[in-house]
Amino acid sequence: MKKNNAEEQKTVVLESGIEVKPVYGPEDTKGLNFDEKIGHPGEYPFTRGIHPRMYRKRPWTMRQYSGFGTPKETNERFLWLLEQGQTALNVAFDLPTQLGLDSDDPFAEEEVGRVGMAIDMLEDLEEAFVDIPIDKISTALTINPVASVLLAMYLVVAEKQGIPWDQIRGTTQNDILKEYIGRGTWIFPVEPSIRMIGDMVEFCSQNVPKFNPFSVCGYHIRESGATPIQEMAYAFEIAITYIQEVLGRGLKIDDFAGRIAFNFDIHGNIWEQVAKFRAGRRLWAKIVKERFGAQNPRSMTLRMIAGGGGGGLTVQQPENNIVRGAYYALISALSGTQTMALCSYDEAYTIPSKKAALISLRTMQILADEMGLKDTVDPLGGSYYIEWLTEKMEKKIVECMQKVEDMGGMVKAVQEGHIQREVSHQAYLREKKIQSGEIPKIGVNKYVMAEEQTEIELHPFNTKVAEEQKKKLGRIKARRDYAGVKEALIGLKKAAQTEENVMPHMLKAVKSYATLGEITKVLKEVFGEFKEPVGL
Amino acid sequence: MIKNRSLGGKKIRVVIAKPGLDGHDVGAKVVALALKDAGMEVIYTGLHRTIEEIVKTALEEDVDVIGISIYSGAHLALSKKLMDRLKNMGLADKMVLIGGNIPQKDVEKLEEYGVNGIFPVGSKLDNIIDFIRKRIDVRDEKK
């Protein structure tokens with residue numbers, strides 16, 4: 001009896017710092033004006049969703065993260081995933097590729113093909129997309145500081161397949177600011193990196209109109225320790241930074257805002273996540289409309305990919321992650337996401353195995369086809385608790401954004417390491433709470449099985465991949481016209497040194513079979529490298 | 001002569017390093033903050049460091065402990081390189097710890113290379129702190 005009483009007395013505080021009451025009623029949503037705060041789906045302020053009929057019209061896009069080893073191996077996995085009913089691709093690159101190093105670079109040793117596929121030059125990407133109808137599917141390229149190179153390669157692959165650029169749908173992740181905060185694949189200093197993003201937005205708005213040149217990732221910021229409030233606030237501040245860069249070039253907000261995509265995390269308290277996205281949609285619409293003067297409603301919509309949440313998964317009792325994944329998918333669907341990329345159950349420790357990837361895909365398909373998640377839009381809308389929490393979270397996100405602006409904006413806050421410090425301190429606090437049991441984690445600090453075998457199976461790493469890649473690289477280097485490569489690289493360098501858009505030169509360089517490493521080297525010569533603020 | 005550092009003497013000095021290309025730095029930073037909270041002097045190298053750079057920092061900063069964190073799967077090769085480098089530089093007495101995504105089957109190999117402590121994902125922060133304190137004390141008493 002006594003214990004129950006104590007349970008009942010305990011306050012419940014969300015990660016966002018909001019205290020939750022045991023019961024909500026009409027008095028909690030009394031002040032909320034329906035048209036202003038909630039409204040209809042597909043209409044400003046889009047709280048309930050960005051389309052009038054959401055999943056009734058089309059279920060979320062299913063896009064599992066995949067890629068490993070050589071382009072050929074990755075191509076086989078892509079074809080298999082599409083055969084299983086996946087509706088888009090989400091490409092994983094190995095670390096050397098993500099950091100602009102060729103497979104034969106000494107610093108790339110041991111990493112070639114390990115956490116994604118290795119790409120050194122155009123021919124590799126061509127191989128990865130053999131027999132894949134890239135005019136019919138959309139492709140997300142998980143690549144950041146060298147996104148411009150991969151975009152150029154992708155466009156040339158399309159060209160070679162005879163597909164006009166205006167039919168190409170996809171996204172380059174290309175959110176460099178979050179790389180400095182979490183994830184860590186950065187190369188160049190902040191300012192030239194943002195300029196490159198601007199070049200891509202400008203180029204795509206004129207030439208590849210259905211392509212999203214960047215996807216702002218609250219996801220990795222949250223995975224690095226941020227609270228759900230910080231996740232949204234930092235993502236919005238980052239998006240604002242990119243918008244300002246593009247506006248500075250004379251483009252109008254409605255020329256490109258409809259192509260801004262977001263990538264958010266999903267782990268944590270279910271109601272808090274749903275409210276986070278509803279608040280986020282409302283706030284983003286307001287920012288784009290009021291602050292940037294957008295006229296086109298599409299520009300105001302928060303379009304997102306969600307479903308990942310590797311940080312919520314555990315190495316202990318890994319099968320529990322299948323269950324967690326199913327709840328993450330449920331949260332994503334209740335949140336009105338456009339695309340889902342579910343974390344696979346082995347994602348706490350490796351890139352997904354075939355079996356794990358298939359279970360994730362089936363989880364989404366079960367949810368869409370068996371459970372009624374497509375039936376009606378924003379089924380939690382109008383709930384006293386959800387509407388109250390949405391309102392509270394919106395206010396908190398605004399406060400947190402103000403803090404960043406008080407620091408002088410996202411660029412300065414990242415250059416000086418303020419955001420990185422804030423996020424790692426949050427991670428430390430959270431870890432301490434998990435270790436003390438204050439935050440319950442099943443299998444970790446609760447219902448722990450002492451006799452449990454937690455041996456994990458890492459994705460088998462094939463050292464032959466590096467050898468194969470190196471050989472291929474040597475072969476193509478010997479075959480290509482080096483004078484052409486050199487000329488293209490000189491052109492690229494000149495563009496990088498001036499304010500000329502680098503993309504046309506990037507395309508020339510890629511077509512000449514310049515390698516990713518050669519291109520990156522040229523850019524490093526012009527831009528230099530980021531100096532990480534390492535103070536704790 | 002190094003004094004018994006954890007008991008009123010000089011602080012235990014630790015470098016936490018991220019070798020190679022892997023960008024997952026949450027674990028490294030969390031451990032660094034925990035050691036700092038426990039009263040140690042902690043230097044964090046930041047990302048994408050070479051083994052040569054890490055050993056250089058360890059030498060210049062006169063650390064007692066080198067902690068590396070690796071999630072990409074390249075831990076065996078990088079640890080081997082680190083231990084060889086330390087030996088060559090006459091720094092074999094440094095305590096070396098490794099954290100990150102380390103499968104059980106690789107533990108034996110890492111120990112063989114001379115890594116002193118292996119703390120995979122999910123390790124208790126207190127255990128890492130105790131591990132360092134106990135061994136630095138014992139070592140210093142022997143000196």
# chains A, B, ... in the order shown; residues from 1 in each chain; ligands from 1

call {"tool": "interface_residues", "arguments": {"of": "chain B", "to": "chain A", "cutoff": "6 Å", "atoms": "only C-alpha atoms", "output": "ChimeraX atom specification"}}
result
/B:23-24,26,30,46,103-104

call {"tool": "residues_around", "arguments": {"residues": "Cys343 in chain A", "least_positions_apart": "2", "cutoff": "10 Å", "atoms": "only C-alpha atoms", "output": "compact mmCIF listing (two decimals) with C-alpha atoms, in the first residue's frame"}}
result
# COMPACT_ATOMS: atom_id res chain seq x y z
CA GLN A 64 15.69 1.86 -44.69
CA TYR A 65 19.30 2.97 -44.38
CA ILE A 266 11.80 9.49 -32.26
CA ALA A 306 11.46 10.11 -38.69
CA GLY A 307 11.56 6.67 -37.18
CA GLY A 308 15.18 6.41 -36.19
CA GLY A 309 16.30 6.49 -32.60
CA GLY A 310 19.42 4.40 -32.26
CA GLY A 311 20.07 6.05 -28.91
CA GLY A 312 16.99 4.40 -27.46
CA LEU A 313 18.11 0.91 -28.45
CA ASN A 321 14.81 -3.49 -29.87
CA ILE A 322 12.35 -5.09 -32.31
CA ARG A 324 11.08 -0.61 -29.41
CA GLY A 325 11.30 -0.23 -33.18
CA ALA A 326 7.62 -1.04 -33.55
CA TYR A 328 9.03 4.13 -32.80
CA ALA A 329 7.18 3.40 -36.01
CA MET A 340 10.06 6.53 -42.14
CA ALA A 341 13.49 4.99 -41.69
CA TYR A 345 17.21 -4.05 -33.86
CA ASP A 346 20.93 -4.55 -34.34
CA GLU A 347 21.55 -0.86 -34.96
CA ALA A 348 22.83 -0.27 -31.42
CA ILE A 351 24.91 -1.61 -39.68
CA PRO A 352 21.68 -3.54 -40.17
CA ALA A 356 17.03 -6.87 -39.22
CA ALA A 357 16.35 -4.59 -42.17
CA SER A 360 11.99 -3.07 -39.83
CA LEU A 361 10.35 -2.92 -43.23

call {"tool": "residues_around", "arguments": {"residues": "Gly17 in chain A", "least_positions_apart": "3", "cutoff": "12 Å", "atoms": "only C-alpha atoms", "output": "list in words"}}
result
Thr11, Val12, Val13, Leu14, Val20, Thr227, Pro228, Ile229, Gln230, Glu272, Leu389, Lys392, Met393, Lys396 and Ile397 of chain A

call {"tool": "atom_distance", "arguments": {"atom1": "CA of Ser383 in chain A", "atom2": "CA of Tyr24 in chain A"}}
result
8.8 Å

call {"tool": "closest_residue", "arguments": {"among": "A:Glu202, A:Glu468, A:Glu487, A:Asp166", "to": "Gly248 in chain A", "atoms": "only C-alpha atoms"}}
result
A:Glu202

call {"tool": "select_by_dssp", "arguments": {"residues": "range 433-481 of chain A", "states": "alpha helix (DSSP H)", "output": "PyMOL selection string"}}
result
chain A and resi 433-436+464-479

call {"tool": "write_last_selection", "arguments": {"atoms": "N, CA and C atoms", "output": "PDB file, in the first residue's frame"}}
result
ATOM      1  N   LYS A 433      21.795   9.452 -15.125  1.00  0.00           N
ATOM      2  CA  LYS A 433      20.442   9.080 -14.693  1.00  0.00           C
ATOM      3  C   LYS A 433      20.113   7.645 -15.091  1.00  0.00           C
ATOM      4  N   ILE A 434      20.627   7.212 -16.240  1.00  0.00           N
ATOM      5  CA  ILE A 434      20.391   5.817 -16.639  1.00  0.00           C
ATOM      6  C   ILE A 434      21.172   4.894 -15.701  1.00  0.00           C
ATOM      7  N   GLN A 435      22.414   5.286 -15.397  1.00  0.00           N
ATOM      8  CA  GLN A 435      23.240   4.418 -14.549  1.00  0.00           C
ATOM      9  C   GLN A 435      22.713   4.366 -13.120  1.00  0.00           C
ATOM     10  N   SER A 436      22.070   5.438 -12.680  1.00  0.00           N
ATOM     11  CA  SER A 436      21.529   5.420 -11.315  1.00  0.00           C
ATOM     12  C   SER A 436      20.131   4.792 -11.291  1.00  0.00           C
ATOM     13  N   LYS A 464      38.790  -7.559 -48.300  1.00  0.00           N
ATOM     14  CA  LYS A 464      38.994  -7.604 -49.759  1.00  0.00           C
ATOM     15  C   LYS A 464      38.377  -6.391 -50.445  1.00  0.00           C
ATOM     16  N   VAL A 465      37.372  -5.787 -49.784  1.00  0.00           N
ATOM     17  CA  VAL A 465      36.693  -4.628 -50.368  1.00  0.00           C
ATOM     18  C   VAL A 465      37.709  -3.536 -50.685  1.00  0.00           C
ATOM     19  N   ALA A 466      38.577  -3.257 -49.710  1.00  0.00           N
ATOM     20  CA  ALA A 466      39.570  -2.205 -49.895  1.00  0.00           C
ATOM     21  C   ALA A 466      40.482  -2.548 -51.064  1.00  0.00           C
ATOM     22  N   GLU A 467      40.889  -3.805 -51.130  1.00  0.00           N
ATOM     23  CA  GLU A 467      41.773  -4.234 -52.220  1.00  0.00           C
ATOM     24  C   GLU A 467      41.096  -4.046 -53.575  1.00  0.00           C
ATOM     25  N   GLU A 468      39.845  -4.487 -53.631  1.00  0.00           N
ATOM     26  CA  GLU A 468      39.087  -4.363 -54.880  1.00  0.00           C
ATOM     27  C   GLU A 468      38.931  -2.906 -55.287  1.00  0.00           C
ATOM     28  N   GLN A 469      38.574  -2.084 -54.308  1.00  0.00           N
ATOM     29  CA  GLN A 469      38.376  -0.662 -54.591  1.00  0.00           C
ATOM     30  C   GLN A 469      39.668  -0.019 -55.078  1.00  0.00           C
ATOM     31  N   LYS A 470      40.757  -0.359 -54.395  1.00  0.00           N
ATOM     32  CA  LYS A 470      42.055   0.228 -54.761  1.00  0.00           C
ATOM     33  C   LYS A 470      42.440  -0.166 -56.180  1.00  0.00           C
ATOM     34  N   LYS A 471      42.215  -1.443 -56.512  1.00  0.00           N
ATOM     35  CA  LYS A 471      42.559  -1.923 -57.852  1.00  0.00           C
ATOM     36  C   LYS A 471      41.751  -1.184 -58.907  1.00  0.00           C
ATOM     37  N   LYS A 472      40.459  -1.069 -58.624  1.00  0.00           N
ATOM     38  CA  LYS A 472      39.566  -0.412 -59.567  1.00  0.00           C
ATOM     39  C   LYS A 472      39.982   1.049 -59.763  1.00  0.00           C
ATOM     40  N   LEU A 473      40.303   1.679 -58.648  1.00  0.00           N
ATOM     41  CA  LEU A 473      40.725   3.075 -58.667  1.00  0.00           C
ATOM     42  C   LEU A 473      41.965   3.233 -59.556  1.00  0.00           C
ATOM     43  N   GLY A 474      42.918   2.335 -59.374  1.00  0.00           N
ATOM     44  CA  GLY A 474      44.147   2.367 -60.162  1.00  0.00           C
ATOM     45  C   GLY A 474      43.850   2.193 -61.651  1.00  0.00           C
ATOM     46  N   ARG A 475      42.946   1.241 -61.932  1.00  0.00           N
ATOM     47  CA  ARG A 475      42.572   0.938 -63.314  1.00  0.00           C
ATOM     48  C   ARG A 475      41.974   2.167 -64.003  1.00  0.00           C
ATOM     49  N   ILE A 476      41.035   2.801 -63.313  1.00  0.00           N
ATOM     50  CA  ILE A 476      40.349   3.941 -63.935  1.00  0.00           C
ATOM     51  C   ILE A 476      41.284   5.142 -64.040  1.00  0.00           C
ATOM     52  N   LYS A 477      42.110   5.308 -63.034  1.00  0.00           N
ATOM     53  CA  LYS A 477      43.078   6.417 -63.073  1.00  0.00           C
ATOM     54  C   LYS A 477      44.005   6.280 -64.275  1.00  0.00           C
ATOM     55  N   ALA A 478      44.405   5.040 -64.553  1.00  0.00           N
ATOM     56  CA  ALA A 478      45.319   4.810 -65.679  1.00  0.00           C
ATOM     57  C   ALA A 478      44.632   5.081 -67.022  1.00  0.00           C
ATOM     58  N   ARG A 479      43.320   4.851 -67.034  1.00  0.00           N
ATOM     59  CA  ARG A 479      42.564   4.913 -68.274  1.00  0.00           C
ATOM     60  C   ARG A 479      42.090   6.329 -68.620  1.00  0.00           C
TER      61      ARG A 479
END

call {"tool": "decode", "arguments": {"residues": "range 73-120 of chain B", "atoms": "C-alpha atoms", "output": "mmCIF file, in the first residue's frame"}}
result
data_model
loop_
_atom_site.group_PDB
_atom_site.id
_atom_site.type_symbol
_atom_site.label_atom_id
_atom_site.label_comp_id
_atom_site.auth_asym_id
_atom_site.auth_seq_id
_atom_site.Cartn_x
_atom_site.Cartn_y
_atom_site.Cartn_z
ATOM 1 C CA GLY B 73 34.550 -1.498 -35.920
ATOM 2 C CA ALA B 74 38.175 -0.605 -36.611
ATOM 3 C CA HIS B 75 39.203 -1.025 -32.946
ATOM 4 C CA LEU B 76 41.601 -3.951 -33.393
ATOM 5 C CA ALA B 77 43.801 -2.301 -35.996
ATOM 6 C CA LEU B 78 43.813 1.061 -34.239
ATOM 7 C CA SER B 79 44.619 -0.433 -30.809
ATOM 8 C CA LYS B 80 47.450 -2.479 -32.227
ATOM 9 C CA LYS B 81 48.878 0.621 -33.858
ATOM 10 C CA LEU B 82 48.572 2.600 -30.637
ATOM 11 C CA MET B 83 50.263 -0.047 -28.493
ATOM 12 C CA ASP B 84 53.124 -0.452 -30.984
ATOM 13 C CA ARG B 85 53.621 3.276 -31.122
ATOM 14 C CA LEU B 86 53.676 3.591 -27.336
ATOM 15 C CA LYS B 87 56.232 0.798 -27.083
ATOM 16 C CA ASN B 88 58.443 2.425 -29.708
ATOM 17 C CA MET B 89 58.279 5.753 -27.937
ATOM 18 C CA GLY B 90 59.177 4.200 -24.578
ATOM 19 C CA LEU B 91 55.738 4.926 -23.185
ATOM 20 C CA ALA B 92 54.661 1.374 -22.463
ATOM 21 C CA ASP B 93 53.933 2.322 -18.846
ATOM 22 C CA LYS B 94 50.912 4.434 -19.807
ATOM 23 C CA MET B 95 47.607 2.907 -18.879
ATOM 24 C CA VAL B 96 45.525 2.328 -22.022
ATOM 25 C CA LEU B 97 41.748 2.005 -21.948
ATOM 26 C CA ILE B 98 39.403 1.400 -24.835
ATOM 27 C CA GLY B 99 35.698 2.059 -25.070
ATOM 28 C CA GLY B 100 33.015 1.939 -27.717
ATOM 29 C CA ASN B 101 31.525 -0.754 -29.845
ATOM 30 C CA ILE B 102 33.720 -3.670 -28.779
ATOM 31 C CA PRO B 103 32.444 -7.235 -29.208
ATOM 32 C CA GLN B 104 33.293 -9.774 -26.484
ATOM 33 C CA LYS B 105 35.217 -11.922 -28.949
ATOM 34 C CA ASP B 106 37.803 -9.180 -29.465
ATOM 35 C CA VAL B 107 38.562 -8.666 -25.770
ATOM 36 C CA GLU B 108 41.229 -11.344 -25.612
ATOM 37 C CA LYS B 109 43.026 -9.925 -28.604
ATOM 38 C CA LEU B 110 42.968 -6.413 -27.176
ATOM 39 C CA GLU B 111 44.421 -7.720 -23.903
ATOM 40 C CA GLU B 112 47.081 -9.511 -25.867
ATOM 41 C CA TYR B 113 48.033 -6.199 -27.471
ATOM 42 C CA GLY B 114 48.474 -4.816 -23.952
ATOM 43 C CA VAL B 115 45.310 -2.765 -23.561
ATOM 44 C CA ASN B 116 44.713 -2.500 -19.803
ATOM 45 C CA GLY B 117 40.985 -1.933 -19.602
ATOM 46 C CA ILE B 118 38.156 -2.615 -22.046
ATOM 47 C CA PHE B 119 34.878 -0.799 -21.489
ATOM 48 C CA PRO B 120 32.287 -1.521 -24.182
#
